[in-house]
Protein chains: 2
Amino acid sequence: MTDLTKQKCEACTIDAPLVDKKRFAELLKDLDGWEIIYEDINILSKTYSFDNYEDSVKFATDIAKLAEDEDHHPSILLEWGSVRVQWWSHKIKGLHMNDFICAAKTETLIS
Amino acid sequence: MTDLTKQKCEACTIDAPLVDKKRFAELLKDLDGWEIIYEDINILSKTYSFDNYEDSVKFATDIAKLAEDEDHHPSILLEWGSVRVQWWSHKIKGLHMNDFICAAKTETLIS
């Protein structure tokens, strides 16, 4: 499939297309550990584990920088030992291609 | 009441005392906008609003620094426009005085 990390988020309008659910399995193949959970809307979610706080804080702030670069902002839940990241598109109440792009780029922040 | 911001978290052991529920109302008086929610255990929670992402990220990272200074780590949920902070004490499954101290110190990070 196309390397999502090479793509850039496009401006999301209220009439932008939701990703067809039939594509979810294919898109998740390259997103190790990511899952789509349903909480009124579909959300792309992953929880990363850390064995120290410093690394988890750095990861969370790196995601925040990515969010600003892409002008697309996820939910980041920082606790000791973990960072849960969730991407979805508020305007269209579900998953836009932007969310899969940002999940792929989130993966690149972990080395 | 004693100024909580002048106190320091003490090491929390599994036999440390939970704060007596009878003191909750008194302790919350000086914690503007904080509430105690019950999710299997009592949690001290507040959601702060922001009109830009940069300020919310700075606040979240300032809380993370406070957490390291106090060696007590909250749940920080960062989204566009808001930061939800939740303090509780894992070891004693509820609220220790440390949590009220850290909530008071969280307030000082907002100016």
# chains A, B, ... in the order shown; residues from 1 in each chain; ligands from 1

$ residues_around --residues "Thr106 (chain B)" --least-positions-apart "2" --cutoff "9 Å" --atoms "only C-alpha atoms" --output "VMD selection string"
chain B and resid 5 62 to 63 66 85 101 to 104 108 to 110

$ closest_atom_pairs --of "chain B" --to "chain A" --cutoff "8 Å" --atoms "only C-alpha atoms" --output "tab-separated table"
residue	atom	partner	partner_atom	distance
B:Tyr53	CA	A:Glu68	CA	7.9
B:Val57	CA	A:Ala64	CA	7.0
B:Thr61	CA	A:Val57	CA	7.3
B:Ala64	CA	A:Val57	CA	7.0
B:Glu68	CA	A:Tyr53	CA	7.9
B:His73	CA	A:Trp80	CA	6.0
B:Pro74	CA	A:Glu79	CA	6.2
B:Ser75	CA	A:Glu79	CA	4.8
B:Ile76	CA	A:Leu78	CA	5.1
B:Leu77	CA	A:Leu77	CA	4.4
B:Leu78	CA	A:Ile76	CA	5.1
B:Glu79	CA	A:Ser75	CA	4.8
B:Trp80	CA	A:His73	CA	6.0

$ select_by_dssp --residues "chain A" --states "helix (DSSP H, G or I)" --output "PyMOL selection string"
chain A and resi 4-6+21-29+53-70+90-92+97-108

$ write_last_selection --atoms "C-alpha atoms" --output "CSV table (one decimal), in the first residue's frame"
chain,number,residue,atom,x,y,z
A,4,LEU,CA,1.1,6.8,4.7
A,5,THR,CA,4.0,8.5,6.4
A,6,LYS,CA,4.8,10.3,3.1
A,21,LYS,CA,-15.2,0.5,6.6
A,22,LYS,CA,-14.3,-2.1,4.0
A,23,ARG,CA,-10.9,-0.6,3.9
A,24,PHE,CA,-10.2,-0.7,7.7
A,25,ALA,CA,-8.6,-4.2,7.7
A,26,GLU,CA,-6.3,-3.3,4.8
A,27,LEU,CA,-5.3,0.0,6.4
A,28,LEU,CA,-4.7,-1.5,9.8
A,29,LYS,CA,-2.3,-4.1,8.4
A,53,TYR,CA,8.0,8.8,32.8
A,54,GLU,CA,10.5,10.9,30.9
A,55,ASP,CA,10.1,8.9,27.7
A,56,SER,CA,6.4,8.9,27.8
A,57,VAL,CA,6.3,12.7,28.3
A,58,LYS,CA,8.7,13.1,25.3
A,59,PHE,CA,6.5,10.9,23.2
A,60,ALA,CA,3.4,12.8,24.1
A,61,THR,CA,5.0,16.2,23.3
A,62,ASP,CA,6.3,14.8,20.0
A,63,ILE,CA,2.8,13.8,19.1
A,64,ALA,CA,1.6,17.3,20.0
A,65,LYS,CA,4.2,18.7,17.6
A,66,LEU,CA,3.0,16.3,14.9
A,67,ALA,CA,-0.5,17.5,15.6
A,68,GLU,CA,0.5,21.1,15.0
A,69,ASP,CA,2.4,20.2,11.8
A,70,GLU,CA,-0.6,18.4,10.4
A,90,HIS,CA,-14.4,15.6,14.7
A,91,LYS,CA,-16.0,17.4,11.7
A,92,ILE,CA,-17.1,14.2,10.0
A,97,MET,CA,-7.8,9.2,5.6
A,98,ASN,CA,-6.0,11.9,7.7
A,99,ASP,CA,-6.4,9.7,10.8
A,100,PHE,CA,-4.6,6.8,9.2
A,101,ILE,CA,-1.9,9.1,8.0
A,102,CYS,CA,-1.4,10.5,11.5
A,103,ALA,CA,-1.4,7.1,13.1
A,104,ALA,CA,1.3,6.0,10.7
A,105,LYS,CA,3.3,9.2,11.5
A,106,THR,CA,2.8,8.6,15.2
A,107,GLU,CA,4.5,5.2,14.7
A,108,THR,CA,7.6,7.0,13.3

$ select_by_dssp --residues "chain A" --states "strand (DSSP E)" --output "ChimeraX atom specification"
/A:35-39,41-49,75-79,82-87

$ calpha_fit_and_write --fixed "chain A" --moving "chain B" --output "CSV table (one decimal) with N, CA, C and O atoms, in the first residue's frame"
chain,number,residue,atom,x,y,z
B,1,MET,N,0.9,-1.2,-0.1
B,1,MET,CA,0.0,0.0,0.0
B,1,MET,C,0.9,1.3,-0.1
B,1,MET,O,2.1,1.2,0.2
B,2,THR,N,0.3,2.4,-0.3
B,2,THR,CA,1.0,3.6,-0.3
B,2,THR,C,1.5,3.9,1.1
B,2,THR,O,0.9,3.6,2.1
B,3,ASP,N,2.7,4.4,1.1
B,3,ASP,CA,3.3,4.8,2.4
B,3,ASP,C,2.6,6.0,3.0
B,3,ASP,O,2.8,7.1,2.5
B,4,LEU,N,1.8,5.7,4.1
B,4,LEU,CA,1.0,6.8,4.6
B,4,LEU,C,1.9,7.9,5.2
B,4,LEU,O,1.5,9.1,5.3
B,5,THR,N,3.1,7.5,5.7
B,5,THR,CA,4.0,8.5,6.3
B,5,THR,C,4.5,9.6,5.4
B,5,THR,O,4.9,10.7,5.8
B,6,LYS,N,4.3,9.3,4.1
B,6,LYS,CA,4.8,10.3,3.1
B,6,LYS,C,3.6,11.2,2.7
B,6,LYS,O,3.8,12.2,1.9
B,7,GLN,N,2.4,11.0,3.2
B,7,GLN,CA,1.3,11.8,2.9
B,7,GLN,C,1.1,12.9,3.9
B,7,GLN,O,1.6,12.8,5.0
B,8,LYS,N,0.4,13.9,3.5
B,8,LYS,CA,0.1,15.0,4.4
B,8,LYS,C,-1.4,15.1,4.6
B,8,LYS,O,-2.2,14.9,3.7
B,9,CYS,N,-1.8,15.5,5.8
B,9,CYS,CA,-3.2,15.7,6.1
B,9,CYS,C,-3.8,16.8,5.2
B,9,CYS,O,-3.1,17.8,5.0
B,10,GLU,N,-4.9,16.6,4.7
B,10,GLU,CA,-5.6,17.6,3.9
B,10,GLU,C,-6.6,18.3,4.8
B,10,GLU,O,-7.0,17.7,5.8
B,11,ALA,N,-7.0,19.5,4.5
B,11,ALA,CA,-8.0,20.2,5.3
B,11,ALA,C,-9.3,19.3,5.3
B,11,ALA,O,-9.8,18.8,4.2
B,12,CYS,N,-9.8,19.1,6.5
B,12,CYS,CA,-11.0,18.3,6.6
B,12,CYS,C,-12.3,19.1,6.7
B,12,CYS,O,-12.4,20.0,7.6
B,13,THR,N,-13.2,19.0,5.8
B,13,THR,CA,-14.4,19.8,5.8
B,13,THR,C,-15.6,18.9,6.2
B,13,THR,O,-15.4,17.7,6.2
B,14,ILE,N,-16.7,19.5,6.6
B,14,ILE,CA,-17.8,18.6,7.1
B,14,ILE,C,-18.4,17.7,6.0
B,14,ILE,O,-19.1,16.7,6.3
B,15,ASP,N,-18.1,18.0,4.7
B,15,ASP,CA,-18.5,17.1,3.7
B,15,ASP,C,-17.4,16.2,3.1
B,15,ASP,O,-17.5,15.5,2.1
B,16,ALA,N,-16.3,16.1,3.9
B,16,ALA,CA,-15.2,15.2,3.5
B,16,ALA,C,-15.6,13.8,3.7
B,16,ALA,O,-16.5,13.5,4.5
B,17,PRO,N,-15.0,12.9,2.9
B,17,PRO,CA,-15.5,11.5,3.0
B,17,PRO,C,-14.9,10.7,4.2
B,17,PRO,O,-13.7,10.8,4.5
B,18,LEU,N,-15.8,9.9,4.8
B,18,LEU,CA,-15.3,9.0,5.8
B,18,LEU,C,-14.6,7.9,5.0
B,18,LEU,O,-15.0,7.5,3.9
B,19,VAL,N,-13.6,7.2,5.6
B,19,VAL,CA,-13.0,6.1,5.0
B,19,VAL,C,-14.0,4.9,5.0
B,19,VAL,O,-14.6,4.7,6.0
B,20,ASP,N,-14.2,4.3,3.9
B,20,ASP,CA,-15.1,3.1,3.8
B,20,ASP,C,-14.6,2.0,4.8
B,20,ASP,O,-13.5,1.6,4.8
B,21,LYS,N,-15.6,1.5,5.6
B,21,LYS,CA,-15.2,0.5,6.6
B,21,LYS,C,-14.6,-0.7,5.9
B,21,LYS,O,-13.8,-1.4,6.6
B,22,LYS,N,-14.9,-1.0,4.7
B,22,LYS,CA,-14.3,-2.1,4.0
B,22,LYS,C,-12.8,-2.0,3.9
B,22,LYS,O,-12.1,-3.0,3.7
B,23,ARG,N,-12.3,-0.8,4.0
B,23,ARG,CA,-10.8,-0.6,3.9
B,23,ARG,C,-10.1,-0.7,5.2
B,23,ARG,O,-8.9,-0.6,5.3
B,24,PHE,N,-10.9,-0.7,6.3
B,24,PHE,CA,-10.2,-0.7,7.7
B,24,PHE,C,-9.2,-1.8,7.8
B,24,PHE,O,-8.0,-1.5,8.3
B,25,ALA,N,-9.5,-3.0,7.5
B,25,ALA,CA,-8.6,-4.2,7.7
B,25,ALA,C,-7.3,-4.0,6.9
B,25,ALA,O,-6.2,-4.1,7.5
B,26,GLU,N,-7.4,-3.5,5.7
B,26,GLU,CA,-6.3,-3.3,4.8
B,26,GLU,C,-5.4,-2.2,5.4
B,26,GLU,O,-4.2,-2.3,5.5
B,27,LEU,N,-6.0,-1.1,5.9
B,27,LEU,CA,-5.3,0.0,6.4
B,27,LEU,C,-4.6,-0.3,7.7
B,27,LEU,O,-3.5,0.2,8.0
B,28,LEU,N,-5.2,-1.2,8.5
B,28,LEU,CA,-4.7,-1.5,9.8
B,28,LEU,C,-3.5,-2.4,9.7
B,28,LEU,O,-2.7,-2.5,10.6
B,29,LYS,N,-3.4,-3.1,8.6
B,29,LYS,CA,-2.3,-4.1,8.4
B,29,LYS,C,-0.9,-3.4,8.6
B,29,LYS,O,0.0,-4.1,9.2
B,30,ASP,N,-0.7,-2.2,8.2
B,30,ASP,CA,0.6,-1.5,8.4
B,30,ASP,C,0.6,-0.7,9.6
B,30,ASP,O,1.6,0.1,9.8
B,31,LEU,N,-0.4,-0.8,10.5
B,31,LEU,CA,-0.4,0.0,11.7
B,31,LEU,C,-0.3,-0.9,12.9
B,31,LEU,O,-1.4,-1.3,13.5
B,32,ASP,N,0.9,-1.3,13.2
B,32,ASP,CA,1.1,-2.3,14.3
B,32,ASP,C,0.5,-1.9,15.6
B,32,ASP,O,0.9,-0.9,16.2
B,33,GLY,N,-0.4,-2.7,16.1
B,33,GLY,CA,-1.0,-2.5,17.4
B,33,GLY,C,-2.1,-1.5,17.5
B,33,GLY,O,-2.7,-1.3,18.5
B,34,TRP,N,-2.4,-0.9,16.4
B,34,TRP,CA,-3.6,0.1,16.3
B,34,TRP,C,-4.9,-0.7,16.1
B,34,TRP,O,-4.9,-1.8,15.5
B,35,GLU,N,-5.9,-0.2,16.7
B,35,GLU,CA,-7.2,-0.8,16.6
B,35,GLU,C,-8.3,0.3,16.4
B,35,GLU,O,-8.0,1.4,16.7
B,36,ILE,N,-9.4,-0.1,15.8
B,36,ILE,CA,-10.5,0.8,15.7
B,36,ILE,C,-11.5,0.5,16.7
B,36,ILE,O,-12.0,-0.7,16.7
B,37,ILE,N,-11.8,1.4,17.6
B,37,ILE,CA,-12.8,1.2,18.6
B,37,ILE,C,-14.0,2.0,18.3
B,37,ILE,O,-13.9,3.1,17.6
B,38,TYR,N,-15.1,1.6,18.8
B,38,TYR,CA,-16.4,2.3,18.5
B,38,TYR,C,-16.9,2.9,19.8
B,38,TYR,O,-17.3,2.2,20.7
B,39,GLU,N,-16.9,4.3,19.8
B,39,GLU,CA,-17.5,5.0,21.0
B,39,GLU,C,-18.4,6.1,20.4
B,39,GLU,O,-18.0,7.2,20.3
B,40,ASP,N,-19.5,5.6,19.9
B,40,ASP,CA,-20.5,6.5,19.2
B,40,ASP,C,-20.0,6.8,17.8
B,40,ASP,O,-20.7,6.9,16.9
B,41,ILE,N,-18.7,6.9,17.7
B,41,ILE,CA,-18.0,7.0,16.3
B,41,ILE,C,-16.8,6.1,16.3
B,41,ILE,O,-16.3,5.7,17.4
B,42,ASN,N,-16.3,5.9,15.1
B,42,ASN,CA,-15.1,5.1,15.0
B,42,ASN,C,-13.8,5.9,15.4
B,42,ASN,O,-13.7,7.0,14.9
B,43,ILE,N,-13.0,5.3,16.2
B,43,ILE,CA,-11.8,6.0,16.6
B,43,ILE,C,-10.6,5.1,16.4
B,43,ILE,O,-10.7,3.9,16.8
B,44,LEU,N,-9.5,5.6,15.9
B,44,LEU,CA,-8.2,4.8,15.7
B,44,LEU,C,-7.4,5.0,17.0
B,44,LEU,O,-7.0,6.1,17.4
B,45,SER,N,-7.1,3.9,17.7
B,45,SER,CA,-6.5,4.0,19.0
B,45,SER,C,-5.3,3.0,19.2
B,45,SER,O,-5.3,1.9,18.7
B,46,LYS,N,-4.3,3.5,20.0
B,46,LYS,CA,-3.2,2.6,20.4
B,46,LYS,C,-2.7,3.1,21.7
B,46,LYS,O,-2.6,4.3,21.9
B,47,THR,N,-2.4,2.2,22.6
B,47,THR,CA,-1.7,2.5,23.8
B,47,THR,C,-0.3,2.0,23.8
B,47,THR,O,-0.1,0.8,23.6
B,48,TYR,N,0.6,2.9,24.0
B,48,TYR,CA,2.1,2.6,24.0
B,48,TYR,C,2.5,2.5,25.5
B,48,TYR,O,2.1,3.3,26.3
B,49,SER,N,3.4,1.6,25.8
B,49,SER,CA,3.9,1.4,27.1
B,49,SER,C,5.3,1.9,27.3
B,49,SER,O,6.1,1.8,26.3
B,50,PHE,N,5.6,2.4,28.4
B,50,PHE,CA,7.0,2.9,28.7
B,50,PHE,C,7.4,2.5,30.1
B,50,PHE,O,6.5,2.3,31.0
B,51,ASP,N,8.7,2.3,30.3
B,51,ASP,CA,9.1,2.0,31.6
B,51,ASP,C,9.7,3.1,32.4
B,51,ASP,O,10.3,3.0,33.5
B,52,ASN,N,9.6,4.3,31.8
B,52,ASN,CA,9.9,5.5,32.6
B,52,ASN,C,9.0,6.7,32.1
B,52,ASN,O,8.5,6.7,31.0
B,53,TYR,N,8.9,7.7,33.0
B,53,TYR,CA,8.0,8.8,32.8
B,53,TYR,C,8.5,9.7,31.7
B,53,TYR,O,7.8,10.2,30.9
B,54,GLU,N,9.8,10.0,31.8
B,54,GLU,CA,10.5,10.9,30.9
B,54,GLU,C,10.2,10.6,29.4
B,54,GLU,O,9.9,11.4,28.6
B,55,ASP,N,10.4,9.3,29.1
B,55,ASP,CA,10.2,8.9,27.7
B,55,ASP,C,8.7,9.0,27.3
B,55,ASP,O,8.4,9.4,26.1
B,56,SER,N,7.8,8.8,28.2
B,56,SER,CA,6.4,8.9,27.8
B,56,SER,C,6.0,10.4,27.6
B,56,SER,O,5.2,10.7,26.7
B,57,VAL,N,6.6,11.2,28.4
B,57,VAL,CA,6.3,12.7,28.3
B,57,VAL,C,6.9,13.2,26.9
B,57,VAL,O,6.2,13.9,26.2
B,58,LYS,N,8.1,12.7,26.6
B,58,LYS,CA,8.7,13.1,25.3
B,58,LYS,C,7.8,12.7,24.2
B,58,LYS,O,7.6,13.4,23.2
B,59,PHE,N,7.4,11.4,24.3
B,59,PHE,CA,6.5,10.9,23.2
B,59,PHE,C,5.2,11.7,23.1
B,59,PHE,O,4.8,12.1,21.9
B,60,ALA,N,4.6,12.0,24.2
B,60,ALA,CA,3.4,12.8,24.2
B,60,ALA,C,3.6,14.2,23.5
B,60,ALA,O,2.8,14.7,22.7
B,61,THR,N,4.7,14.8,23.9
B,61,THR,CA,5.0,16.2,23.3
B,61,THR,C,5.4,16.1,21.8
B,61,THR,O,5.0,17.0,21.0
B,62,ASP,N,6.0,15.0,21.4
B,62,ASP,CA,6.3,14.8,20.0
B,62,ASP,C,5.0,14.6,19.2
B,62,ASP,O,4.9,15.1,18.1
B,63,ILE,N,4.1,13.9,19.8
B,63,ILE,CA,2.8,13.8,19.1
B,63,ILE,C,2.1,15.1,19.0
B,63,ILE,O,1.5,15.5,17.9
B,64,ALA,N,2.2,15.9,20.0
B,64,ALA,CA,1.6,17.3,20.0
B,64,ALA,C,2.2,18.1,18.9
B,64,ALA,O,1.5,18.9,18.2
B,65,LYS,N,3.5,18.0,18.7
B,65,LYS,CA,4.2,18.7,17.6
B,65,LYS,C,3.7,18.2,16.2
B,65,LYS,O,3.4,19.0,15.3
B,66,LEU,N,3.6,16.9,16.1
B,66,LEU,CA,3.0,16.3,14.9
B,66,LEU,C,1.6,16.9,14.6
B,66,LEU,O,1.3,17.3,13.5
B,67,ALA,N,0.8,17.0,15.7
B,67,ALA,CA,-0.5,17.5,15.6
B,67,ALA,C,-0.5,18.9,15.0
B,67,ALA,O,-1.4,19.2,14.2
B,68,GLU,N,0.4,19.7,15.5
B,68,GLU,CA,0.5,21.1,15.0
B,68,GLU,C,0.9,21.1,13.6
B,68,GLU,O,0.4,21.9,12.8
B,69,ASP,N,1.9,20.3,13.2
B,69,ASP,CA,2.4,20.2,11.8
B,69,ASP,C,1.3,19.8,10.9
B,69,ASP,O,1.2,20.3,9.7
B,70,GLU,N,0.5,18.9,11.3
B,70,GLU,CA,-0.6,18.4,10.4
B,70,GLU,C,-1.9,19.2,10.6
B,70,GLU,O,-2.9,18.9,9.8
B,71,ASP,N,-1.9,20.1,11.6
B,71,ASP,CA,-3.2,20.8,11.9
B,71,ASP,C,-4.3,19.8,12.1
B,71,ASP,O,-5.5,20.0,11.6
B,72,HIS,N,-4.0,18.7,12.8
B,72,HIS,CA,-5.0,17.7,13.1
B,72,HIS,C,-4.6,17.2,14.5
B,72,HIS,O,-3.5,16.9,14.8
B,73,HIS,N,-5.6,17.2,15.5
B,73,HIS,CA,-5.2,17.0,16.9
B,73,HIS,C,-5.9,15.8,17.5
B,73,HIS,O,-7.1,15.8,17.5
B,74,PRO,N,-5.1,14.9,18.0
B,74,PRO,CA,-5.7,13.7,18.6
B,74,PRO,C,-6.0,13.9,20.1
B,74,PRO,O,-5.8,15.0,20.7
B,75,SER,N,-6.5,12.8,20.7
B,75,SER,CA,-6.6,12.7,22.1
B,75,SER,C,-5.3,12.0,22.6
B,75,SER,O,-5.0,10.9,22.1
B,76,ILE,N,-4.6,12.6,23.6
B,76,ILE,CA,-3.4,12.0,24.1
B,76,ILE,C,-3.6,11.8,25.6
B,76,ILE,O,-3.8,12.8,26.3
B,77,LEU,N,-3.6,10.6,26.1
B,77,LEU,CA,-3.8,10.3,27.5
B,77,LEU,C,-2.5,9.8,28.1
B,77,LEU,O,-2.0,8.7,27.8
B,78,LEU,N,-1.9,10.7,28.9
B,78,LEU,CA,-0.6,10.4,29.5
B,78,LEU,C,-0.7,10.0,30.9
B,78,LEU,O,-1.3,10.7,31.7
B,79,GLU,N,-0.3,8.8,31.2
B,79,GLU,CA,-0.2,8.3,32.6
B,79,GLU,C,1.2,7.7,32.8
B,79,GLU,O,1.9,7.5,31.9
B,80,TRP,N,1.5,7.4,34.1
B,80,TRP,CA,2.8,6.8,34.3
B,80,TRP,C,2.8,5.4,33.6
B,80,TRP,O,1.9,4.6,33.8
B,81,GLY,N,3.8,5.2,32.7
B,81,GLY,CA,3.9,3.9,32.1
B,81,GLY,C,3.2,3.8,30.8
B,81,GLY,O,3.3,2.8,30.1
B,82,SER,N,2.4,4.8,30.4
B,82,SER,CA,1.6,4.6,29.1
B,82,SER,C,1.2,5.9,28.5
B,82,SER,O,1.0,7.0,29.2
B,83,VAL,N,1.1,5.9,27.2
B,83,VAL,CA,0.5,7.0,26.4
B,83,VAL,C,-0.6,6.4,25.5
B,83,VAL,O,-0.2,5.5,24.6
B,84,ARG,N,-1.8,6.7,25.7
B,84,ARG,CA,-2.8,6.3,24.7
B,84,ARG,C,-3.1,7.4,23.7
B,84,ARG,O,-3.3,8.5,24.1
B,85,VAL,N,-3.0,7.1,22.4
B,85,VAL,CA,-3.2,8.1,21.4
B,85,VAL,C,-4.5,7.7,20.6
B,85,VAL,O,-4.6,6.5,20.2
B,86,GLN,N,-5.3,8.6,20.4
B,86,GLN,CA,-6.6,8.3,19.6
B,86,GLN,C,-6.8,9.4,18.5
B,86,GLN,O,-6.8,10.6,18.8
B,87,TRP,N,-6.9,8.9,17.3
B,87,TRP,CA,-7.2,9.9,16.2
B,87,TRP,C,-8.6,9.6,15.6
B,87,TRP,O,-9.0,8.5,15.5
B,88,TRP,N,-9.3,10.7,15.4
B,88,TRP,CA,-10.5,10.7,14.7
B,88,TRP,C,-10.8,12.1,14.1
B,88,TRP,O,-10.1,13.0,14.5
B,89,SER,N,-11.8,12.2,13.3
B,89,SER,CA,-12.0,13.5,12.7
B,89,SER,C,-13.4,14.0,13.2
B,89,SER,O,-14.4,13.5,12.8
B,90,HIS,N,-13.3,15.0,14.0
B,90,HIS,CA,-14.4,15.6,14.7
B,90,HIS,C,-15.5,16.0,13.7
B,90,HIS,O,-16.7,15.8,13.8
B,91,LYS,N,-15.0,16.7,12.6
B,91,LYS,CA,-16.0,17.4,11.7
B,91,LYS,C,-16.9,16.4,11.0
B,91,LYS,O,-18.0,16.7,10.6
B,92,ILE,N,-16.3,15.2,10.7
B,92,ILE,CA,-17.1,14.2,10.0
B,92,ILE,C,-17.5,13.0,10.9
B,92,ILE,O,-18.0,12.0,10.4
B,93,LYS,N,-17.2,13.2,12.2
B,93,LYS,CA,-17.6,12.2,13.2
B,93,LYS,C,-17.2,10.8,12.8
B,93,LYS,O,-18.0,9.8,12.8
B,94,GLY,N,-15.9,10.6,12.6
B,94,GLY,CA,-15.4,9.3,12.2
B,94,GLY,C,-14.0,9.4,11.7
B,94,GLY,O,-13.3,10.3,11.9
B,95,LEU,N,-13.7,8.4,10.9
B,95,LEU,CA,-12.3,8.3,10.4
B,95,LEU,C,-12.2,8.7,8.9
B,95,LEU,O,-12.8,8.2,8.0
B,96,HIS,N,-11.3,9.7,8.8
B,96,HIS,CA,-10.9,10.3,7.5
B,96,HIS,C,-9.5,9.7,7.2
B,96,HIS,O,-8.9,9.1,8.1
B,97,MET,N,-9.1,9.7,6.0
B,97,MET,CA,-7.8,9.2,5.6
B,97,MET,C,-6.7,9.9,6.5
B,97,MET,O,-5.7,9.3,6.8
B,98,ASN,N,-6.9,11.2,6.8
B,98,ASN,CA,-6.0,11.9,7.7
B,98,ASN,C,-5.7,11.1,9.0
B,98,ASN,O,-4.5,11.2,9.5
B,99,ASP,N,-6.6,10.4,9.5
B,99,ASP,CA,-6.4,9.7,10.8
B,99,ASP,C,-5.4,8.6,10.6
B,99,ASP,O,-4.6,8.3,11.5
B,100,PHE,N,-5.5,7.9,9.5
B,100,PHE,CA,-4.6,6.8,9.2
B,100,PHE,C,-3.2,7.3,8.9
B,100,PHE,O,-2.2,6.8,9.3
B,101,ILE,N,-3.2,8.5,8.2
B,101,ILE,CA,-1.9,9.1,8.0
B,101,ILE,C,-1.2,9.5,9.3
B,101,ILE,O,0.0,9.2,9.5
B,102,CYS,N,-2.0,10.1,10.2
B,102,CYS,CA,-1.4,10.5,11.5
B,102,CYS,C,-1.0,9.4,12.4
B,102,CYS,O,-0.1,9.4,13.1
B,103,ALA,N,-1.8,8.3,12.3
B,103,ALA,CA,-1.4,7.1,13.1
B,103,ALA,C,-0.1,6.5,12.6
B,103,ALA,O,0.8,6.2,13.4
B,104,ALA,N,0.1,6.5,11.3
B,104,ALA,CA,1.3,6.0,10.7
B,104,ALA,C,2.5,6.9,11.1
B,104,ALA,O,3.6,6.5,11.4
B,105,LYS,N,2.2,8.2,11.1
B,105,LYS,CA,3.3,9.2,11.5
B,105,LYS,C,3.6,9.1,13.0
B,105,LYS,O,4.7,9.3,13.4
B,106,THR,N,2.6,8.8,13.8
B,106,THR,CA,2.8,8.6,15.2
B,106,THR,C,3.8,7.4,15.5
B,106,THR,O,4.7,7.5,16.3
B,107,GLU,N,3.6,6.4,14.7
B,107,GLU,CA,4.5,5.2,14.8
B,107,GLU,C,6.0,5.6,14.5
B,107,GLU,O,6.9,5.0,15.1
B,108,THR,N,6.2,6.6,13.6
B,108,THR,CA,7.6,7.0,13.3
B,108,THR,C,8.2,7.7,14.5
B,108,THR,O,9.5,7.9,14.5
B,109,LEU,N,7.4,8.2,15.4
B,109,LEU,CA,8.0,8.9,16.6
B,109,LEU,C,8.6,8.0,17.6
B,109,LEU,O,9.3,8.5,18.5
B,110,ILE,N,8.3,6.7,17.5
B,110,ILE,CA,8.8,5.8,18.5
B,110,ILE,C,10.0,5.1,17.8
B,110,ILE,O,9.9,4.6,16.7
B,111,SER,N,11.2,5.1,18.5
B,111,SER,CA,12.3,4.5,17.8
B,111,SER,C,12.9,3.5,18.8
B,111,SER,O,12.6,3.4,19.9

$ decode --residues "region 79-90 of chain A" --atoms "N, CA and C atoms" --output "PDB file, in the first residue's frame"
ATOM      1  N   GLU A  79      -0.261   8.766  31.212  1.00  0.00           N
ATOM      2  CA  GLU A  79      -0.218   8.288  32.599  1.00  0.00           C
ATOM      3  C   GLU A  79       1.176   7.722  32.832  1.00  0.00           C
ATOM      4  N   TRP A  80       1.506   7.407  34.097  1.00  0.00           N
ATOM      5  CA  TRP A  80       2.807   6.786  34.321  1.00  0.00           C
ATOM      6  C   TRP A  80       2.805   5.446  33.599  1.00  0.00           C
ATOM      7  N   GLY A  81       3.791   5.249  32.725  1.00  0.00           N
ATOM      8  CA  GLY A  81       3.918   3.942  32.063  1.00  0.00           C
ATOM      9  C   GLY A  81       3.178   3.803  30.750  1.00  0.00           C
ATOM     10  N   SER A  82       2.360   4.788  30.398  1.00  0.00           N
ATOM     11  CA  SER A  82       1.629   4.624  29.138  1.00  0.00           C
ATOM     12  C   SER A  82       1.200   5.948  28.512  1.00  0.00           C
ATOM     13  N   VAL A  83       1.061   5.890  27.204  1.00  0.00           N
ATOM     14  CA  VAL A  83       0.460   6.989  26.441  1.00  0.00           C
ATOM     15  C   VAL A  83      -0.558   6.365  25.489  1.00  0.00           C
ATOM     16  N   ARG A  84      -1.818   6.742  25.653  1.00  0.00           N
ATOM     17  CA  ARG A  84      -2.848   6.282  24.716  1.00  0.00           C
ATOM     18  C   ARG A  84      -3.112   7.398  23.713  1.00  0.00           C
ATOM     19  N   VAL A  85      -3.027   7.063  22.437  1.00  0.00           N
ATOM     20  CA  VAL A  85      -3.237   8.057  21.384  1.00  0.00           C
ATOM     21  C   VAL A  85      -4.485   7.663  20.606  1.00  0.00           C
ATOM     22  N   GLN A  86      -5.349   8.626  20.352  1.00  0.00           N
ATOM     23  CA  GLN A  86      -6.560   8.336  19.581  1.00  0.00           C
ATOM     24  C   GLN A  86      -6.766   9.413  18.522  1.00  0.00           C
ATOM     25  N   TRP A  87      -6.935   8.947  17.310  1.00  0.00           N
ATOM     26  CA  TRP A  87      -7.184   9.857  16.180  1.00  0.00           C
ATOM     27  C   TRP A  87      -8.584   9.631  15.636  1.00  0.00           C
ATOM     28  N   TRP A  88      -9.270  10.710  15.379  1.00  0.00           N
ATOM     29  CA  TRP A  88     -10.533  10.672  14.635  1.00  0.00           C
ATOM     30  C   TRP A  88     -10.793  12.075  14.116  1.00  0.00           C
ATOM     31  N   SER A  89     -11.773  12.198  13.256  1.00  0.00           N
ATOM     32  CA  SER A  89     -12.037  13.504  12.644  1.00  0.00           C
ATOM     33  C   SER A  89     -13.373  14.035  13.154  1.00  0.00           C
ATOM     34  N   HIS A  90     -13.268  15.043  13.996  1.00  0.00           N
ATOM     35  CA  HIS A  90     -14.446  15.613  14.658  1.00  0.00           C
ATOM     36  C   HIS A  90     -15.506  16.041  13.641  1.00  0.00           C
TER      37      HIS A  90
END
